[in-house]
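Structure file query-v3.cif; described as mmCIF, C-alpha atoms.
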data_query
loop_
_atom_site.label_atom_id
_atom_site.label_comp_id
_atom_site.auth_asym_id
_atom_site.auth_seq_id
_atom_site.Cartn_x
_atom_site.Cartn_y
_atom_site.Cartn_z
CA MET A 1 105.42 -39.21 53.65
CA ILE A 2 101.84 -37.93 53.82
CA LEU A 3 100.90 -34.30 53.21
CA CYS A 4 97.35 -33.38 54.16
CA SER A 5 95.13 -30.32 54.22
CA VAL A 6 91.35 -30.00 54.65
CA LEU A 7 88.67 -28.12 52.75
CA THR A 8 85.23 -27.83 54.40
CA ASN A 9 81.72 -27.46 53.03
CA SER A 10 79.79 -25.01 55.19
CA GLY A 11 76.35 -25.80 56.56
CA CYS A 12 76.78 -29.58 56.48
CA THR A 13 76.26 -30.62 60.11
CA ALA A 14 73.01 -32.56 59.82
CA ALA A 15 73.12 -36.01 61.40
CA THR A 16 72.79 -39.08 59.19
CA SER A 17 71.18 -42.42 59.95
CA GLU A 18 74.61 -43.94 60.66
CA ASN A 19 75.58 -41.39 63.29
CA LYS A 20 72.37 -40.41 65.10
CA ALA A 21 74.09 -41.37 68.33
CA LEU A 22 76.24 -38.28 67.86
CA SER A 23 73.30 -35.92 67.25
CA SER A 24 73.59 -34.38 70.69
CA LYS A 25 77.00 -33.01 69.74
CA ALA A 26 78.13 -30.71 66.98
CA LEU A 27 79.01 -33.00 64.08
CA PRO A 28 82.05 -32.39 61.88
CA ALA A 29 81.17 -30.82 58.54
CA ALA A 30 81.65 -32.62 55.27
CA ARG A 31 85.18 -32.06 54.07
CA VAL A 32 87.73 -32.89 51.41
CA GLU A 33 91.18 -34.01 52.49
CA LYS A 34 94.01 -33.40 50.03
CA MET A 35 97.10 -35.56 50.36
CA THR A 36 100.05 -37.23 48.71
CA MET A 37 100.83 -40.94 48.97
CA ASN A 38 103.79 -42.90 47.73
CA SER A 39 103.02 -45.59 45.16
CA GLU A 40 105.23 -48.66 45.42
CA SER A 41 104.08 -49.81 41.98
CA LEU A 42 104.99 -46.53 40.25
CA HIS A 43 107.95 -45.58 42.49
CA LYS A 44 106.68 -42.04 42.84
CA ASP A 45 104.32 -39.86 44.87
CA MET A 46 100.71 -39.55 43.72
CA LYS A 47 98.11 -36.99 44.80
CA LEU A 48 94.52 -37.70 45.80
CA GLN A 49 91.49 -35.98 47.26
CA VAL A 50 89.19 -37.78 49.70
CA TYR A 51 85.65 -36.61 50.42
CA LEU A 52 84.36 -37.41 53.91
CA PRO A 53 80.64 -36.95 54.65
CA ALA A 54 79.24 -34.78 57.42
CA GLY A 55 79.46 -36.59 60.74
CA TYR A 56 82.26 -38.86 59.56
CA THR A 57 83.31 -41.05 62.47
CA GLU A 58 85.66 -44.00 62.85
CA THR A 59 82.90 -45.91 64.66
CA VAL A 60 81.11 -46.42 61.32
CA ASP A 61 82.39 -48.25 58.24
CA TYR A 62 81.53 -46.34 55.04
CA PRO A 63 81.22 -47.49 51.43
CA VAL A 64 83.92 -46.07 49.17
CA LEU A 65 83.51 -44.69 45.64
CA TYR A 66 86.62 -44.26 43.50
CA LEU A 67 86.12 -41.66 40.76
CA LEU A 68 88.67 -41.39 37.94
CA HIS A 69 89.40 -38.28 35.88
CA GLY A 70 89.67 -38.02 32.11
CA ARG A 71 92.70 -37.34 29.96
CA GLY A 72 94.40 -34.10 30.95
CA GLY A 73 92.65 -34.15 34.31
CA ASN A 74 93.88 -34.82 37.81
CA GLU A 75 92.69 -35.45 41.36
CA LYS A 76 90.98 -32.03 41.37
CA THR A 77 88.79 -32.62 38.31
CA TRP A 78 85.63 -34.03 39.90
CA ASN A 79 85.44 -31.28 42.51
CA LYS A 80 86.60 -28.39 40.33
CA ASP A 81 84.54 -29.17 37.23
CA MET A 82 81.55 -31.15 38.56
CA SER A 83 81.17 -29.76 42.12
CA LEU A 84 81.19 -33.38 43.25
CA SER A 85 81.58 -32.78 46.99
CA ASP A 86 78.83 -30.17 47.19
CA LYS A 87 76.47 -32.43 45.26
CA ALA A 88 77.26 -35.43 47.46
CA THR A 89 76.72 -33.39 50.63
CA GLN A 90 73.35 -32.16 49.41
CA LEU A 91 72.15 -35.61 48.33
CA ILE A 92 73.17 -37.10 51.69
CA LYS A 93 71.35 -34.28 53.51
CA LEU A 94 68.22 -35.02 51.45
CA GLN A 95 68.64 -38.74 52.22
CA LYS A 96 68.86 -39.60 48.53
CA ILE A 97 72.21 -41.34 48.92
CA LYS A 98 73.97 -43.04 51.80
CA PRO A 99 76.90 -41.32 53.51
CA LEU A 100 80.04 -42.48 51.72
CA ILE A 101 83.71 -41.78 51.22
CA ILE A 102 84.70 -40.62 47.72
CA VAL A 103 88.29 -41.00 46.55
CA MET A 104 89.53 -38.96 43.59
CA PRO A 105 93.08 -40.02 42.68
CA GLN A 106 95.70 -38.73 40.30
CA TYR A 107 96.57 -41.48 37.83
CA ASP A 108 98.04 -39.39 34.99
CA ASN A 109 97.18 -40.00 31.33
CA SER A 110 97.60 -43.73 31.80
CA TYR A 111 94.22 -45.40 31.15
CA GLY A 112 94.91 -47.27 34.39
CA THR A 113 96.79 -50.15 32.75
CA ASN A 114 99.99 -52.06 33.51
CA TYR A 115 101.51 -51.09 30.17
CA ALA A 116 105.13 -51.24 31.35
CA ASP A 117 107.11 -52.28 34.40
CA GLN A 118 109.01 -48.98 34.46
CA THR A 119 107.18 -45.66 34.74
CA TYR A 120 107.81 -43.22 31.88
CA SER A 121 106.14 -40.53 29.76
CA LYS A 122 105.85 -40.34 25.97
CA ASP A 123 103.83 -38.02 23.74
CA GLY A 124 101.81 -36.65 26.64
CA ARG A 125 100.90 -40.09 28.01
CA GLN A 126 102.21 -41.94 31.04
CA TYR A 127 103.06 -45.62 31.19
CA GLY A 128 103.84 -47.93 34.10
CA ARG A 129 102.07 -50.25 36.53
CA TYR A 130 99.05 -48.00 36.96
CA GLU A 131 96.62 -50.90 37.37
CA ASP A 132 98.64 -52.09 40.37
CA TYR A 133 98.77 -48.56 41.75
CA LEU A 134 94.98 -48.19 41.62
CA THR A 135 93.99 -51.67 42.77
CA LYS A 136 96.73 -52.37 45.30
CA ASP A 137 98.52 -49.24 46.52
CA LEU A 138 95.58 -46.85 46.48
CA ILE A 139 92.92 -49.17 47.89
CA GLY A 140 95.33 -50.40 50.55
CA TYR A 141 96.13 -46.83 51.53
CA VAL A 142 92.48 -45.78 51.76
CA ASP A 143 91.38 -48.85 53.72
CA SER A 144 94.22 -48.39 56.20
CA HIS A 145 93.67 -44.65 56.74
CA TYR A 146 89.86 -44.41 56.76
CA SER A 147 86.92 -46.27 58.23
CA THR A 148 85.79 -48.20 55.16
CA ILE A 149 83.71 -51.20 54.20
CA ALA A 150 86.80 -53.02 52.99
CA ASP A 151 85.18 -55.49 50.60
CA ARG A 152 83.66 -55.49 47.12
CA GLU A 153 80.10 -54.91 48.36
CA GLY A 154 81.13 -51.57 49.81
CA ARG A 155 83.49 -50.51 47.02
CA TYR A 156 82.57 -48.88 43.69
CA ILE A 157 84.53 -47.38 40.79
CA GLY A 158 83.55 -44.98 38.03
CA GLY A 159 85.12 -42.45 35.74
CA LEU A 160 84.63 -40.05 32.86
CA SER A 161 86.12 -40.40 29.37
CA MET A 162 89.54 -42.05 29.88
CA GLY A 163 88.44 -42.69 33.46
CA GLY A 164 85.33 -44.45 32.18
CA PHE A 165 87.48 -46.87 30.20
CA ALA A 166 89.75 -47.42 33.23
CA ALA A 167 86.87 -47.91 35.65
CA LEU A 168 85.21 -50.53 33.46
CA PHE A 169 88.50 -52.32 32.78
CA LEU A 170 89.39 -52.45 36.48
CA ALA A 171 85.93 -53.56 37.59
CA PHE A 172 85.72 -56.25 34.91
CA THR A 173 89.14 -57.68 35.75
CA HIS A 174 88.91 -57.32 39.54
CA PRO A 175 85.47 -58.68 40.50
CA ASP A 176 86.80 -59.32 43.99
CA LEU A 177 87.30 -55.57 44.51
CA PHE A 178 84.26 -53.78 43.06
CA SER A 179 80.50 -54.36 43.02
CA LYS A 180 79.50 -51.35 40.89
CA SER A 181 81.16 -49.61 37.97
CA GLY A 182 80.30 -46.60 35.85
CA GLY A 183 81.54 -45.64 32.41
CA HIS A 184 80.55 -42.01 31.91
CA SER A 185 81.25 -41.20 28.25
CA PRO A 186 83.89 -43.96 28.32
CA ALA A 187 86.73 -43.39 25.86
CA MET A 188 86.58 -46.77 24.15
CA PHE A 189 87.51 -47.39 20.56
CA MET A 190 86.37 -49.56 17.66
CA ASP A 191 89.64 -49.01 15.76
CA SER A 192 92.13 -51.73 14.96
CA THR A 193 94.96 -52.53 17.33
CA GLU A 194 97.44 -51.10 14.78
CA LYS A 195 95.97 -47.63 15.28
CA LEU A 196 95.99 -47.94 19.06
CA GLY A 197 99.60 -48.85 19.76
CA TRP A 198 99.76 -46.10 22.38
CA LEU A 199 97.06 -47.90 24.36
CA PHE A 200 97.60 -51.59 23.56
CA LYS A 201 101.04 -53.06 22.88
CA ASP A 202 99.51 -55.91 20.89
CA GLU A 203 96.33 -57.87 20.31
CA GLU A 204 96.86 -59.96 23.44
CA MET A 205 97.04 -56.88 25.64
CA ARG A 206 93.86 -55.54 24.07
CA LYS A 207 92.03 -58.79 24.82
CA GLN A 208 93.13 -58.49 28.46
CA THR A 209 92.33 -54.79 28.78
CA ASP A 210 89.61 -53.53 26.46
CA PRO A 211 86.11 -53.70 28.05
CA LEU A 212 84.67 -54.56 24.62
CA TYR A 213 86.80 -57.72 24.57
CA LEU A 214 86.62 -58.52 28.28
CA VAL A 215 82.84 -58.64 28.30
CA ASP A 216 82.97 -61.65 25.95
CA GLN A 217 85.42 -63.54 28.16
CA LEU A 218 84.38 -62.84 31.76
CA GLU A 219 81.39 -63.78 33.88
CA LEU A 220 80.55 -60.37 35.45
CA LYS A 221 77.28 -61.65 36.94
CA ASN A 222 77.69 -59.93 40.28
CA LEU A 223 78.62 -56.54 38.86
CA LYS A 224 76.23 -53.59 38.40
CA VAL A 225 77.14 -51.28 35.52
CA TYR A 226 76.09 -47.75 34.52
CA LEU A 227 76.82 -46.46 31.01
CA ASP A 228 76.01 -43.05 29.59
CA TYR A 229 77.01 -40.41 27.04
CA GLY A 230 75.74 -37.13 25.65
CA ASN A 231 73.90 -37.19 22.34
CA LYS A 232 76.55 -34.91 20.80
CA ASP A 233 79.51 -37.01 21.93
CA MET A 234 82.19 -38.33 19.57
CA MET A 235 81.07 -41.23 17.40
CA HIS A 236 83.75 -43.62 18.68
CA VAL A 237 82.37 -43.12 22.20
CA ILE A 238 78.76 -43.53 21.12
CA ASN A 239 79.35 -46.60 18.93
CA SER A 240 81.60 -48.43 21.39
CA THR A 241 79.34 -47.70 24.37
CA ASP A 242 76.30 -48.90 22.43
CA GLN A 243 78.13 -52.12 21.60
CA LEU A 244 79.24 -52.68 25.19
CA TYR A 245 75.71 -52.10 26.47
CA ALA A 246 74.30 -54.60 23.96
CA LYS A 247 76.87 -57.22 24.99
CA LEU A 248 76.24 -56.74 28.71
CA LYS A 249 72.48 -56.86 28.19
CA ALA A 250 72.74 -60.05 26.15
CA LYS A 251 74.71 -61.72 28.96
CA GLY A 252 72.09 -60.77 31.53
CA ILE A 253 74.33 -58.33 33.39
CA ASP A 254 72.66 -55.71 35.60
CA VAL A 255 73.40 -52.71 33.36
CA GLN A 256 71.81 -49.28 33.01
CA PHE A 257 72.17 -47.08 29.93
CA HIS A 258 71.40 -43.36 29.82
CA THR A 259 71.78 -40.62 27.25
CA SER A 260 70.79 -36.98 27.34
CA SER A 261 71.63 -33.68 25.70
CA GLY A 262 75.29 -32.77 25.76
CA GLY A 263 78.77 -33.40 24.44
CA HIS A 264 82.03 -34.83 25.70
CA ASP A 265 82.64 -32.10 28.25
CA ARG A 266 82.34 -30.93 31.85
CA ASN A 267 78.92 -29.38 31.29
CA TYR A 268 77.42 -32.74 30.38
CA TRP A 269 79.09 -34.60 33.26
CA LYS A 270 78.20 -31.92 35.81
CA ALA A 271 74.55 -32.04 34.71
CA ASN A 272 74.54 -35.79 35.36
CA THR A 273 76.67 -36.06 38.50
CA ASP A 274 73.64 -36.36 40.79
CA GLN A 275 72.44 -39.36 38.77
CA TYR A 276 75.89 -40.97 38.99
CA LEU A 277 75.96 -40.61 42.77
CA MET A 278 72.46 -42.06 43.11
CA PHE A 279 73.55 -45.11 41.09
CA TYR A 280 76.54 -45.73 43.33
CA ALA A 281 75.07 -44.88 46.73
CA GLY A 282 71.31 -44.46 46.38
CA PHE A 283 68.95 -46.10 48.85
#

Please re-express this file's structure in structure tokens.
Amino acid sequence: MILCSVLTNSGCTAATSENKALSSKALPAARVEKMTMNSESLHKDMKLQVYLPAGYTETVDYPVLYLLHGRGGNEKTWNKDMSLSDKATQLIKLQKIKPLIIVMPQYDNSYGTNYADQTYSKDGRQYGRYEDYLTKDLIGYVDSHYSTIADREGRYIGGLSMGGFAALFLAFTHPDLFSKSGGHSPAMFMDSTEKLGWLFKDEEMRKQTDPLYLVDQLELKNLKVYLDYGNKDMMHVINSTDQLYAKLKAKGIDVQFHTSSGGHDRNYWKANTDQYLMFYAGF
């Protein structure tokens, strides 16, 4: 079952390079579709928001950016807290980024991992086959319902805090799916596995999940990575991001690192959202 409603951004009818052929007609405004999809991997319904650029048409295949929320967030976070859709519409209008589809899914407080075969909640966290939901169910749904570039070159993934961890983990372990990944204040940890039982069942799971471990094991040559944090962020974020950047740089990976004033909060991420979008979809 699919439930869908549409939010529109006013004043967004300028033609883009991909749809100049439609310039003689009134183009549809940029909009955000809100819907619910059923996840086979989680055996439950999951919500998502999908941003469609002004002039969206099924005669054009668009790149797709998946943006993941942080802990305690949901599919509304990027639009509610960072004004993501308005910023994307403005950057497209100014021809600073290419028209693209942006998918903002609910994925609970899960870190996007396949922690357990059965879906359950414990201590405010959710466990289940969330990796499969994001990489199989969600991508399959989006590619079948929208006009997308359905390959890794046209697919990107990023996230903030918990979503930054998840985006890096998924991009590192699924090089066939994503060509760009962003960890925006990624919630990574330098602690021992014993202290992180809620995230990693054991050392083997950490080696297969933690971006700090994966970078030592995987090739990653065809992936572009963006890392950033505010200069007042938590030390575990700063230290782990610094280490990941150093490892990626040493391996010759195409990685950018940015830091500016701010903490681990919506004000910092909102101030940098334009830069994120230009990394993913800039000309």

Problem set entry | Selection under test: the PyMOL selection byres ((chain A and resi 188-203) around 6); residues as number ranges by chain | A: 186-187, 204-206, 236-237, 240

Using only C-alpha atoms, please write the residues we just selected to a file, as a PDB file, keeping the file's coordinate frame.
ATOM      1  CA  PRO A 186      83.890 -43.960  28.320  1.00  0.00           C
ATOM      2  CA  ALA A 187      86.730 -43.390  25.860  1.00  0.00           C
ATOM      3  CA  GLU A 204      96.860 -59.960  23.440  1.00  0.00           C
ATOM      4  CA  MET A 205      97.040 -56.880  25.640  1.00  0.00           C
ATOM      5  CA  ARG A 206      93.860 -55.540  24.070  1.00  0.00           C
ATOM      6  CA  HIS A 236      83.750 -43.620  18.680  1.00  0.00           C
ATOM      7  CA  VAL A 237      82.370 -43.120  22.200  1.00  0.00           C
ATOM      8  CA  SER A 240      81.600 -48.430  21.390  1.00  0.00           C
TER       9      SER A 240
END

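Interatomic distance, CA of Leu67 (chain A) to CA of Ile157 (chain A): 5.9 Å.
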
Exercise. Which one of A:Gly73, A:Pro99, A:Pro175, A:Gly128 sits closest to Met162 (chain A) if you count only C-alpha atoms?
Worked result: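 Checking each of A:Gly73, A:Pro99, A:Pro175, A:Gly128 against Met162 (chain A), counting only C-alpha atoms, the winner is A:Gly73.
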
Evaluated on this file, the PyMOL selection byres ((chain A and resi 74) around 8) picks out some residues - which ones are they, written as a PDB file with C-alpha atoms, in the coordinates of the input?
ATOM      1  CA  HIS A  69      89.400 -38.280  35.880  1.00  0.00           C
ATOM      2  CA  GLY A  70      89.670 -38.020  32.110  1.00  0.00           C
ATOM      3  CA  GLY A  72      94.400 -34.100  30.950  1.00  0.00           C
ATOM      4  CA  GLY A  73      92.650 -34.150  34.310  1.00  0.00           C
ATOM      5  CA  GLU A  75      92.690 -35.450  41.360  1.00  0.00           C
ATOM      6  CA  LYS A  76      90.980 -32.030  41.370  1.00  0.00           C
ATOM      7  CA  THR A  77      88.790 -32.620  38.310  1.00  0.00           C
ATOM      8  CA  PRO A 105      93.080 -40.020  42.680  1.00  0.00           C
ATOM      9  CA  GLN A 106      95.700 -38.730  40.300  1.00  0.00           C
ATOM     10  CA  TYR A 107      96.570 -41.480  37.830  1.00  0.00           C
ATOM     11  CA  ASP A 108      98.040 -39.390  34.990  1.00  0.00           C
TER      12      ASP A 108
END

Exercise. Expressed in Å to a single decimal, how great is the separation between CA of Val103 (chain A) and CA of Gly159 (chain A)?
Worked result: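 Going from CA of Val103 (chain A) over to CA of Gly159 (chain A), I get 11.4 Å.
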
For this session: Run through the PyMOL selection byres ((chain A and resi 54) around 7) on the given coordinates and return the selected residues as a PyMOL selection string.
Result: chain A and resi 12-13+27-30+52-53+55-56

Problem set entry | Two-atom distance - CA of Lys180 (chain A), CA of Ala166 (chain A) (Å) |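 Between these atoms lies a distance of 13.4 Å.
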
For this session: List the neighbours of Tyr66 (chain A) out to 7 Å using only C-alpha atoms; skip same-chain residues closer than 2 positions along the sequence, and give me the result as a list in words.
Result: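 Answer for this query is Val64, Leu68, Ile102, Val103, Met104, Tyr156, Ile157 and Gly158 of chain A.
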
For this session: Point out the residue among A:Lys98, A:His145, A:Arg129, A:His184 with the least atom-to-atom distance to Lys270 (chain A), counting all atoms listed in the file.
Result: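 Ranked by minimum distance to Lys270 (chain A), first place goes to A:His184.
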
Problem set entry | Top pick for closest residue to Leu42 (chain A), considering A:Leu160, A:Leu65, A:Leu138, A:Val255 and counting all atoms listed in the file |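 Checking each of A:Leu160, A:Leu65, A:Leu138, A:Val255 against Leu42 (chain A), counting all atoms listed in the file, the winner is A:Leu138.
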
Problem set entry | Residue neighbourhood region 259-269 of chain A, 10 Å, all atoms listed in the file, exclusion window fewer than 2 positions, as a ChimeraX atom specification | /A:70,77-78,80-82,160-161,184-187,227-234,237-238,257,271-276

For this session: Return the single residue from A:Leu170, A:Glu153, A:Leu218, A:Leu84 that is closest to Asn114 (chain A), with distances computed using only C-alpha atoms.
Result: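 The closest residue to Asn114 (chain A) is A:Leu170.
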
For this session: May I have the residues within 10 Å of Glu58 (chain A) as a ChimeraX atom specification, using only C-alpha atoms and disregarding those fewer than 2 positions away in the same chain?
Result: /A:55-56,60-62,146-148

Problem set entry | Protein, DNA and RNA residues within 8 Å of (101.3, -41.9, 30.6), only C-alpha atoms, as a PyMOL selection string | chain A and resi 108-111+120-122+124-128
